[in-house]
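J.: Just one file: my_file-v1.pdb, with PDB, C-alpha atoms, pLDDT in the B column.
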```
ATOM      1  CA  MET P 174       9.235  93.640  92.615  1.00 87.00           C
ATOM      2  CA  LYS P 175       8.599  93.730  96.397  1.00 91.00           C
ATOM      3  CA  LYS P 176       5.203  92.095  95.919  1.00 91.00           C
ATOM      4  CA  LEU P 177       6.687  89.316  93.814  1.00 94.00           C
ATOM      5  CA  ILE P 178       9.363  88.655  96.427  1.00 94.00           C
ATOM      6  CA  ASN P 179       6.678  88.620  99.125  1.00 92.00           C
ATOM      7  CA  PHE P 180       4.641  86.094  97.122  1.00 95.00           C
ATOM      8  CA  ILE P 181       7.733  83.903  96.668  1.00 96.00           C
ATOM      9  CA  GLN P 182       8.469  84.132 100.399  1.00 96.00           C
ATOM     10  CA  PHE P 183       4.979  82.913 101.227  1.00 96.00           C
ATOM     11  CA  GLN P 184       5.211  80.052  98.750  1.00 97.00           C
ATOM     12  CA  ALA P 185       8.657  79.049 100.026  1.00 98.00           C
ATOM     13  CA  ILE P 186       7.442  78.923 103.636  1.00 97.00           C
ATOM     14  CA  TRP P 187       4.309  77.006 102.639  1.00 97.00           C
ATOM     15  CA  PHE P 188       6.322  74.364 100.775  1.00 97.00           C
ATOM     16  CA  LEU P 189       9.031  74.165 103.461  1.00 97.00           C
ATOM     17  CA  CYS P 190       6.484  73.612 106.222  1.00 97.00           C
ATOM     18  CA  ILE P 191       4.247  71.212 104.304  1.00 97.00           C
ATOM     19  CA  LEU P 192       7.129  69.086 103.039  1.00 96.00           C
ATOM     20  CA  GLY P 193       8.986  69.332 106.349  1.00 96.00           C
ATOM     21  CA  GLY P 194       5.892  68.239 108.260  1.00 94.00           C
ATOM     22  CA  ALA P 195       5.113  65.462 105.810  1.00 95.00           C
ATOM     23  CA  HIS P 196       8.596  63.978 105.796  1.00 94.00           C
ATOM     24  CA  GLY P 197       9.865  64.453 109.349  1.00 91.00           C
ATOM     25  CA  TYR P 198      11.903  67.620 108.802  1.00 94.00           C
ATOM     26  CA  GLU P 199       9.807  69.898 110.983  1.00 93.00           C
ATOM     27  CA  TRP P 200      12.697  71.601 112.783  1.00 94.00           C
ATOM     28  CA  GLN P 201      14.588  72.260 109.562  1.00 96.00           C
ATOM     29  CA  ALA P 202      11.432  73.716 107.992  1.00 96.00           C
ATOM     30  CA  ILE P 203      10.836  75.894 111.052  1.00 96.00           C
ATOM     31  CA  PHE P 204      14.424  77.136 111.064  1.00 97.00           C
ATOM     32  CA  LEU P 205      14.406  78.081 107.371  1.00 97.00           C
ATOM     33  CA  SER P 206      10.912  79.566 107.608  1.00 98.00           C
ATOM     34  CA  SER P 207      12.034  81.649 110.587  1.00 97.00           C
ATOM     35  CA  LEU P 208      14.918  83.062 108.585  1.00 97.00           C
ATOM     36  CA  ILE P 209      12.584  84.006 105.733  1.00 97.00           C
ATOM     37  CA  LEU P 210      10.040  85.568 108.100  1.00 97.00           C
ATOM     38  CA  VAL P 211      12.669  87.584 109.969  1.00 96.00           C
ATOM     39  CA  TRP P 212      14.036  88.903 106.691  1.00 95.00           C
ATOM     40  CA  ALA P 213      10.516  89.724 105.437  1.00 94.00           C
ATOM     41  CA  TRP P 214       9.786  91.564 108.675  1.00 92.00           C
ATOM     42  CA  PHE P 215      13.122  93.387 108.529  1.00 92.00           C
ATOM     43  CA  VAL P 216      12.382  94.777 105.036  1.00 89.00           C
ATOM     44  CA  SER P 217       8.738  95.509 105.867  1.00 89.00           C
ATOM     45  CA  GLU P 218       7.554  99.066 105.428  1.00 85.00           C
ATOM     46  CA  ASP P 219       5.521  98.877 108.660  1.00 89.00           C
ATOM     47  CA  ARG P 220       7.060  96.406 111.096  1.00 90.00           C
ATOM     48  CA  HIS P 221       4.732  97.282 113.970  1.00 90.00           C
ATOM     49  CA  HIS P 222       1.669  96.599 111.811  1.00 91.00           C
ATOM     50  CA  ASP P 223       3.067  93.370 110.414  1.00 93.00           C
ATOM     51  CA  LEU P 224       4.066  92.063 113.831  1.00 95.00           C
ATOM     52  CA  GLN P 225       0.580  92.667 115.216  1.00 95.00           C
ATOM     53  CA  LEU P 226      -1.060  91.085 112.175  1.00 97.00           C
ATOM     54  CA  VAL P 227       1.267  88.071 112.374  1.00 97.00           C
ATOM     55  CA  MET P 228       0.408  87.573 116.060  1.00 97.00           C
ATOM     56  CA  ILE P 229      -3.347  87.660 115.454  1.00 98.00           C
ATOM     57  CA  ALA P 230      -3.026  85.350 112.426  1.00 98.00           C
ATOM     58  CA  ILE P 231      -0.989  82.844 114.433  1.00 98.00           C
ATOM     59  CA  ALA P 232      -3.555  82.891 117.249  1.00 98.00           C
ATOM     60  CA  ILE P 233      -6.434  82.402 114.806  1.00 98.00           C
ATOM     61  CA  GLY P 234      -4.525  79.647 113.028  1.00 98.00           C
ATOM     62  CA  ILE P 235      -3.722  77.694 116.171  1.00 97.00           C
ATOM     63  CA  VAL P 236      -7.350  77.873 117.330  1.00 97.00           C
ATOM     64  CA  ALA P 237      -8.751  76.983 113.883  1.00 98.00           C
ATOM     65  CA  ASP P 238      -6.367  74.114 113.167  1.00 97.00           C
ATOM     66  CA  THR P 239      -6.600  72.685 116.689  1.00 96.00           C
ATOM     67  CA  SER P 240     -10.411  72.872 116.488  1.00 97.00           C
ATOM     68  CA  LEU P 241     -10.371  70.939 113.214  1.00 97.00           C
ATOM     69  CA  ILE P 242      -8.294  68.243 114.890  1.00 96.00           C
ATOM     70  CA  TRP P 243     -10.416  68.083 118.043  1.00 96.00           C
ATOM     71  CA  LEU P 244     -13.608  67.914 115.971  1.00 97.00           C
ATOM     72  CA  GLY P 245     -12.177  64.995 114.016  1.00 96.00           C
ATOM     73  CA  VAL P 246     -12.299  66.830 110.697  1.00 97.00           C
ATOM     74  CA  MET P 247      -8.628  66.287 109.936  1.00 96.00           C
ATOM     75  CA  SER P 248      -5.274  65.395 111.373  1.00 94.00           C
ATOM     76  CA  PHE P 249      -1.795  66.664 110.619  1.00 94.00           C
ATOM     77  CA  LYS P 250       1.415  64.729 110.399  1.00 89.00           C
ATOM     78  CA  SER P 251       3.696  65.929 113.177  1.00 82.00           C
ATOM     79  CA  GLU P 252       6.115  64.450 115.658  1.00 78.00           C
ATOM     80  CA  PHE P 253       5.373  67.202 118.167  1.00 75.00           C
ATOM     81  CA  TRP P 254       2.243  68.554 119.795  1.00 70.00           C
ATOM     82  CA  THR P 255      -0.008  65.788 118.513  1.00 76.00           C
ATOM     83  CA  GLY P 256      -3.630  66.688 119.148  1.00 83.00           C
ATOM     84  CA  PHE P 257      -2.932  70.356 118.511  1.00 92.00           C
ATOM     85  CA  SER P 258      -2.046  72.456 115.508  1.00 92.00           C
ATOM     86  CA  PRO P 259       1.345  71.145 114.391  1.00 95.00           C
ATOM     87  CA  ILE P 260       4.393  73.170 115.337  1.00 93.00           C
ATOM     88  CA  TRP P 261       5.012  74.172 111.704  1.00 95.00           C
ATOM     89  CA  MET P 262       1.531  75.533 110.895  1.00 96.00           C
ATOM     90  CA  PRO P 263       1.940  78.893 112.716  1.00 97.00           C
ATOM     91  CA  PHE P 264       4.777  79.689 110.327  1.00 97.00           C
ATOM     92  CA  ILE P 265       2.402  79.325 107.385  1.00 98.00           C
ATOM     93  CA  TRP P 266      -0.126  81.557 109.136  1.00 98.00           C
ATOM     94  CA  ALA P 267       2.602  84.133 109.835  1.00 98.00           C
ATOM     95  CA  ALA P 268       3.714  84.057 106.201  1.00 97.00           C
ATOM     96  CA  LEU P 269       0.110  84.564 105.102  1.00 97.00           C
ATOM     97  CA  ALA P 270      -0.232  87.585 107.382  1.00 97.00           C
ATOM     98  CA  MET P 271       2.893  89.083 105.821  1.00 96.00           C
ATOM     99  CA  THR P 272       1.153  89.034 102.407  1.00 96.00           C
ATOM    100  CA  VAL P 273      -1.774  91.228 103.491  1.00 95.00           C
ATOM    101  CA  GLN P 274       0.085  94.534 103.033  1.00 90.00           C
ATOM    102  CA  SER P 275       2.139  93.310 100.125  1.00 91.00           C
ATOM    103  CA  SER P 276       1.366  90.685  97.494  1.00 91.00           C
ATOM    104  CA  MET P 277      -2.308  90.457  98.473  1.00 92.00           C
ATOM    105  CA  SER P 278      -2.810  94.179  99.124  1.00 92.00           C
ATOM    106  CA  TRP P 279      -5.046  94.388  96.066  1.00 94.00           C
ATOM    107  CA  LEU P 280      -7.757  92.775  98.238  1.00 93.00           C
ATOM    108  CA  ALA P 281      -7.677  95.609 100.791  1.00 93.00           C
ATOM    109  CA  GLY P 282     -11.124  97.181 101.010  1.00 93.00           C
ATOM    110  CA  ARG P 283     -12.672  94.331  99.028  1.00 97.00           C
ATOM    111  CA  LEU P 284     -13.882  92.220 101.915  1.00 97.00           C
ATOM    112  CA  LYS P 285     -16.561  90.340  99.961  1.00 98.00           C
ATOM    113  CA  LEU P 286     -14.045  89.360  97.305  1.00 97.00           C
ATOM    114  CA  ALA P 287     -11.552  88.411 100.033  1.00 97.00           C
ATOM    115  CA  ALA P 288     -14.227  86.196 101.605  1.00 98.00           C
ATOM    116  CA  VAL P 289     -15.021  84.425  98.344  1.00 98.00           C
ATOM    117  CA  LEU P 290     -11.364  83.922  97.433  1.00 97.00           C
ATOM    118  CA  GLY P 291     -10.618  82.725 100.970  1.00 97.00           C
ATOM    119  CA  ALA P 292     -13.485  80.233 100.862  1.00 98.00           C
ATOM    120  CA  ILE P 293     -11.977  78.784  97.674  1.00 97.00           C
ATOM    121  CA  SER P 294      -8.214  79.095  98.148  1.00 97.00           C
ATOM    122  CA  GLY P 295      -8.045  78.190 101.850  1.00 97.00           C
ATOM    123  CA  PRO P 296      -9.501  74.692 101.452  1.00 98.00           C
ATOM    124  CA  PHE P 297      -7.496  74.202  98.279  1.00 97.00           C
ATOM    125  CA  ALA P 298      -4.242  74.964 100.147  1.00 97.00           C
ATOM    126  CA  TYR P 299      -5.126  72.447 102.865  1.00 98.00           C
ATOM    127  CA  TRP P 300      -6.113  69.857 100.287  1.00 98.00           C
ATOM    128  CA  ALA P 301      -2.799  70.388  98.481  1.00 97.00           C
ATOM    129  CA  GLY P 302      -1.012  69.846 101.801  1.00 97.00           C
ATOM    130  CA  ILE P 303      -3.018  66.677 102.364  1.00 97.00           C
ATOM    131  CA  ARG P 304      -2.061  65.451  98.889  1.00 97.00           C
ATOM    132  CA  MET P 305       1.587  66.085  99.810  1.00 97.00           C
ATOM    133  CA  GLU P 306       1.072  63.844 102.872  1.00 95.00           C
ATOM    134  CA  ALA P 307       1.189  66.541 105.555  1.00 96.00           C
ATOM    135  CA  GLY P 308      -2.103  65.344 106.999  1.00 95.00           C
ATOM    136  CA  VAL P 309      -5.367  63.531 106.421  1.00 96.00           C
ATOM    137  CA  PHE P 310      -8.953  64.614 105.909  1.00 97.00           C
ATOM    138  CA  ASN P 311     -11.134  62.194 107.883  1.00 96.00           C
ATOM    139  CA  ASP P 312     -14.073  63.003 105.588  1.00 96.00           C
ATOM    140  CA  PHE P 313     -13.231  64.994 102.464  1.00 97.00           C
ATOM    141  CA  SER P 314     -16.620  66.720 102.099  1.00 97.00           C
ATOM    142  CA  VAL P 315     -16.866  67.717 105.742  1.00 98.00           C
ATOM    143  CA  ALA P 316     -13.285  69.025 105.697  1.00 98.00           C
ATOM    144  CA  ILE P 317     -13.819  71.124 102.571  1.00 98.00           C
ATOM    145  CA  VAL P 318     -17.045  72.637 103.924  1.00 98.00           C
ATOM    146  CA  ALA P 319     -15.486  73.371 107.334  1.00 98.00           C
ATOM    147  CA  LEU P 320     -12.376  74.901 105.779  1.00 98.00           C
ATOM    148  CA  SER P 321     -14.464  76.960 103.347  1.00 98.00           C
ATOM    149  CA  PHE P 322     -16.459  78.372 106.240  1.00 98.00           C
ATOM    150  CA  ILE P 323     -13.326  79.149 108.276  1.00 98.00           C
ATOM    151  CA  TRP P 324     -11.585  80.876 105.374  1.00 98.00           C
ATOM    152  CA  LEU P 325     -14.765  82.708 104.368  1.00 98.00           C
ATOM    153  CA  LEU P 326     -14.446  84.464 107.740  1.00 98.00           C
ATOM    154  CA  VAL P 327     -10.683  84.560 108.322  1.00 98.00           C
ATOM    155  CA  THR P 328      -9.560  86.085 105.033  1.00 98.00           C
ATOM    156  CA  PRO P 329     -11.698  89.249 105.141  1.00 98.00           C
ATOM    157  CA  PHE P 330     -11.048  89.527 108.886  1.00 98.00           C
ATOM    158  CA  LEU P 331      -7.288  89.740 108.292  1.00 98.00           C
ATOM    159  CA  PHE P 332      -7.809  92.575 105.806  1.00 97.00           C
ATOM    160  CA  TYR P 333     -10.296  94.312 108.110  1.00 97.00           C
ATOM    161  CA  TYR P 334      -7.935  94.006 111.088  1.00 96.00           C
ATOM    162  CA  SER P 335      -5.036  95.243 108.960  1.00 95.00           C
ATOM    163  CA  GLN P 336      -7.009  98.349 108.000  1.00 94.00           C
ATOM    164  CA  ARG P 337      -7.938  99.017 111.630  1.00 93.00           C
ATOM    165  CA  LEU P 338      -4.259  98.738 112.612  1.00 90.00           C
ATOM    166  CA  LYS P 339      -3.313 101.254 109.918  1.00 87.00           C
ATOM    167  CA  GLU P 340      -6.007 103.670 111.062  1.00 86.00           C
ATOM    168  CA  SER P 341      -4.949 103.414 114.698  1.00 84.00           C
ATOM    169  CA  HIS P 342      -1.357 104.331 113.833  1.00 69.00           C
ATOM    170  CA  VAL P 343      -1.989 107.339 111.603  1.00 58.00           C
ATOM    171  CA  LYS P 344       0.857 109.821 112.015  1.00 53.00           C
ATOM    172  CA  TYR P 345      -0.086 113.491 112.077  1.00 43.00           C
TER     173      TYR P 345
END
```
Can you turn what I pasted into structure tokens?
T.:
Amino acid sequence: MKKLINFIQFQAIWFLCILGGAHGYEWQAIFLSSLILVWAWFVSEDRHHDLQLVMIAIAIGIVADTSLIWLGVMSFKSEFWTGFSPIWMPFIWAALAMTVQSSMSWLAGRLKLAAVLGAISGPFAYWAGIRMEAGVFNDFSVAIVALSFIWLLVTPFLFYYSQRLKESHVKY
């Protein structure tokens, strides 16, 4: 049941942020997403791990999304921080990080599978957001290839980093 709730939390944050960004409700989306993330962190079995993983995912996300903007691959709809990753995207990255030990834990130790699934699902999630008017791909093919490459690397890295965090906090 915890994994299902975690999956629903991720989906709720994704939809809140995408729709909020697309329709000018960024602050409302951020507020509601924050409440969901705080609750998810509060019920987490390893808060220290999840906080560290969320921080690294947010950093990766800001760099990746800002790079896509600066390279002219895509743009996001946002009233704030134009030219950079929109203010609502880090909440999606944080929600994703919170799935690594929960609803997506079945990928732990399967880095090749994580890479393949990331290369497929990552671009699809962005494309879905684009279709919901949260942004624009300047060239569809270039965007899909760039996003596939990013997610081919990011997804297994999050699972690898998660495992390293667990190993560094082994209690004897």
J.: Every residue with an atom at most 12 Å from (1.4, 69.9, 115.5) (file coordinates; only C-alpha atoms) is what I'm after, so could you write them as JSON, numbers by chain?
T.: {"P": [190, 191, 193, 194, 195, 197, 199, 200, 234, 235, 236, 238, 239, 242, 248, 249, 250, 251, 252, 253, 254, 255, 256, 257, 258, 259, 260, 261, 262, 263, 264, 307, 308]}
J.: List every residue of range 182-258 of chain P that has an atom at most 9 Å from any atom of range 320-342 of chain P, and for each one report the closest atom pair and its distance in Å to one decimal, counting only C-alpha atoms, with rows sorted by chain and then by increasing residue number, as JSON lines.
T.:
```
{"residue": "P:His222", "atom": "CA", "partner": "P:Leu338", "partner_atom": "CA", "distance": 6.4}
{"residue": "P:Asp223", "atom": "CA", "partner": "P:Ser335", "partner_atom": "CA", "distance": 8.4}
{"residue": "P:Gln225", "atom": "CA", "partner": "P:Leu338", "partner_atom": "CA", "distance": 8.2}
{"residue": "P:Leu226", "atom": "CA", "partner": "P:Ser335", "partner_atom": "CA", "distance": 6.6}
{"residue": "P:Ile229", "atom": "CA", "partner": "P:Leu331", "partner_atom": "CA", "distance": 8.4}
{"residue": "P:Ala230", "atom": "CA", "partner": "P:Leu331", "partner_atom": "CA", "distance": 7.4}
{"residue": "P:Ile233", "atom": "CA", "partner": "P:Val327", "partner_atom": "CA", "distance": 8.0}
{"residue": "P:Ala237", "atom": "CA", "partner": "P:Ile323", "partner_atom": "CA", "distance": 7.6}
{"residue": "P:Leu241", "atom": "CA", "partner": "P:Leu320", "partner_atom": "CA", "distance": 8.7}
```
J.: Could you tell me, as an MDAnalysis selection string, exactly which residues end up selected when the PyMOL selection byres ((chain P and resi 269) around 10) is applied to this structure?
T.: chainID P and resid 179:180 182:184 186:187 226:227 230:231 263:268 270:273 276:277 328 331
J.: To one decimal place in Å, what is the distance between CA of Arg220 in chain P and CA of Trp279 in chain P?
T.: 19.4 Å
J.: If you apply the PyMOL selection byres ((chain P and resi 297) around 12) to this file, what residues do you get, as a list of chain:residue names?
T.: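 Answer for the PyMOL selection byres ((chain P and resi 297) around 12): P:Leu290, P:Gly291, P:Ala292, P:Ile293, P:Ser294, P:Gly295, P:Pro296, P:Ala298, P:Tyr299, P:Trp300, P:Ala301, P:Gly302, P:Ile303, P:Arg304, P:Phe313, P:Ala316, P:Ile317, P:Val318, P:Leu320, P:Ser321, P:Trp324.
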J.: Separation of CA of Ser217 in chain P and CA of Phe204 in chain P, in Å?
T.: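 Going from CA of Ser217 in chain P over to CA of Phe204 in chain P, I get 19.9 Å.
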J.: Interatomic distance between CA of Ser275 in chain P and CA of Lys175 in chain P?
T.: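 We find that CA of Ser275 in chain P and CA of Lys175 in chain P lie 7.5 Å from each other.
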J.: Considering all atoms listed in the file, can you say which of P:Leu192, P:Val246, P:Leu280, P:Ala185 comes closest to Leu210 in chain P?
T.: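 Distance minimum relative to Leu210 in chain P lands on P:Ala185.
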J.: May I have the centre and edge lengths, in Å to one decimal, of an axis-aligned box around the listed atoms of range 257-266 of chain P with 4 Å added to every side, as AutoDock Vina command-line options?
T.:
```
--center_x 1.0 --center_y 76.0 --center_z 112.9 --size_x 15.9 --size_y 19.2 --size_z 19.1
```
J.: Select, from P:Ala232, P:Leu208, P:Ile178, P:Met247, the residue with the minimum atom-to-atom distance to Ser314 in chain P, counting only C-alpha atoms.
T.: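 That would be P:Met247, the residue with the smallest distance to Ser314 in chain P.
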